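One structure below.
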Amino acid sequence: MLLFGHAGITLGAATLLGGAAKSRDNRTSWFTLLSHYLDIRLLLVGSFLPDTIDKPIGEYIFKGTFNSGRIFSHTLLFFILLSAIGFYLYKRYRHAWMLPLAAGVFTHLLFDEMWLAPRTLFWPLLGFAFEEGISDWLSNIFRELLSNPAVYIPEAVGLAIMLWFSMALVKRKRVGTFIKYGKVS
């Protein structure tokens with residue numbers, strides 16, 4: 001999955017979960033309900049944070065060492081650390097900003113099917129090596145995007161959700177509120 005798949009499907013799934021706790025007012029949008037629970041911006045950033053960290057490190061900076069774009073932040077340890085820090089900040093200071101970030105990272109691990117790479121997911125419990133990654137990931141992206149349904153279908157769905165969300169923000173004149181506060185209402 002790429003950017004739109006991770007971000008859009010994460011937003012869609014979180015919106016469905018937030019909407020499941022429907023308000024009594026049927027006119028309230030599900031995006032508004034979700035924004036009552038969390039900062040949507042941080043959820044979106046968390047949904048692509050592992051790739052933002054690991055791709056440059058594993059494929060470009062330390063290519064000879066790791067040769068993979070799925071290393072440290074594609075591990076369960078990374079998610080657990082973010083969650084633990086998030087729970088501590090919330091319990092101690094009532095700051096919940098790290099929790100949506102951790103939730104986004106969790107969805108990233110799910111959508112990348114990290115259980116298929118147990119040495120990476122459970123690093124360092126199964127050793128200090130990571131699973132071998134696809135070499136030349138960046139050059140293969142466009143070919144996969146045009147030919148592989150496992151890539152282009154989630155991207156199309158994610159893009160549709162992101163467009164739907166963007167249009168809802170514009171229609172409600174909440175773009176500035178969203179950019180500033182991560183809220184729809």
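Chain labels follow the order of the structure tokens: the first chain is A, the next B, and so on; residue numbering restarts at 1 in every chain, and ligands are counted from 1 in their shown order.
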Residue contacts of segment 106-121 of chain A (6 Å, only C-alpha atoms) excluding same-chain residues fewer than 6 positions away, as a ChimeraX atom specification: /A:47,75-76,130-131
Report as JSON lines the residues of segment 60-154 of chain A within 12 Å of segment 31-37 of chain A, each with its shortest atom pair and distance in Å (one decimal), using only C-alpha atoms, ordered by chain and increasing residue number.
```
{"residue": "A:Ala96", "atom": "CA", "partner": "A:Tyr37", "partner_atom": "CA", "distance": 9.7}
{"residue": "A:Trp97", "atom": "CA", "partner": "A:Tyr37", "partner_atom": "CA", "distance": 10.8}
{"residue": "A:Leu99", "atom": "CA", "partner": "A:Tyr37", "partner_atom": "CA", "distance": 10.6}
{"residue": "A:Pro100", "atom": "CA", "partner": "A:Tyr37", "partner_atom": "CA", "distance": 9.3}
```
Could the residues in this selection be saved with N, CA, C and O atoms as an mmCIF file, in the first residue's frame?
```cif
data_model
loop_
_atom_site.group_PDB
_atom_site.id
_atom_site.type_symbol
_atom_site.label_atom_id
_atom_site.label_comp_id
_atom_site.auth_asym_id
_atom_site.auth_seq_id
_atom_site.Cartn_x
_atom_site.Cartn_y
_atom_site.Cartn_z
ATOM 1 N N ALA A 96 -3.620 13.718 24.801
ATOM 2 C CA ALA A 96 -3.919 12.493 24.061
ATOM 3 C C ALA A 96 -3.333 12.486 22.654
ATOM 4 O O ALA A 96 -3.614 11.586 21.878
ATOM 5 N N TRP A 97 -2.481 13.418 22.306
ATOM 6 C CA TRP A 97 -2.021 13.557 20.930
ATOM 7 C C TRP A 97 -1.242 12.357 20.415
ATOM 8 O O TRP A 97 -1.256 12.066 19.218
ATOM 9 N N LEU A 99 -1.757 9.173 21.091
ATOM 10 C CA LEU A 99 -2.593 7.987 20.894
ATOM 11 C C LEU A 99 -3.121 7.855 19.461
ATOM 12 O O LEU A 99 -3.057 6.759 18.890
ATOM 13 N N PRO A 100 -3.624 8.923 18.823
ATOM 14 C CA PRO A 100 -4.013 8.762 17.414
ATOM 15 C C PRO A 100 -2.820 8.470 16.500
ATOM 16 O O PRO A 100 -2.954 7.747 15.519
#
```
message = Can you pull out every residue from segment 28-71 of chain A that DSSP, working from the backbone, puts in alpha helix (DSSP H), and format the result as a PyMOL selection string?
response = chain A and resi 30-37+40-55
* Can you pull out every residue within 10 Å of Ala14 of chain A, counting only C-alpha atoms, but drop anything in the same chain fewer than 5 positions away, and send it as a list of chain:residue names? => A:Gly8, A:Ile9, A:Gly19, A:Ala20, A:Trp30, A:Phe31, A:Leu34, A:Ser35, A:Leu38, A:Ile40, A:Leu43, A:Ala103, A:Gly104, A:Thr107
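With atom CA of Gly46 of chain A on one side and atom CA of Val105 of chain A on the other, the separation reads 4.8 Å.
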Shortest contact to Leu163 of chain A, candidates A:Ser147, A:Ser68, A:Phe128, A:Gly12, atoms counted only C-alpha atoms, goes to A:Gly12
Near-Ser83 of chain A list (9 Å; only C-alpha atoms; drop same-chain fewer than 4 positions) as a count of residues only
9
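When only C-alpha atoms are used to measure the gap to Gly182 of chain A, the shortest distance among A:Leu49, A:Leu42, A:Leu89, A:Val157 belongs to A:Leu42.
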Practice task
Determine, counting only C-alpha atoms, which protein, DNA and RNA residues have an atom within 12 Å of an atom of Lys180 of chain A; residues of the same chain fewer than 4 positions away are not included. Present the result as an NGL selection string.
Solution key: :A and (39-42 or 174-176 or 184-185)
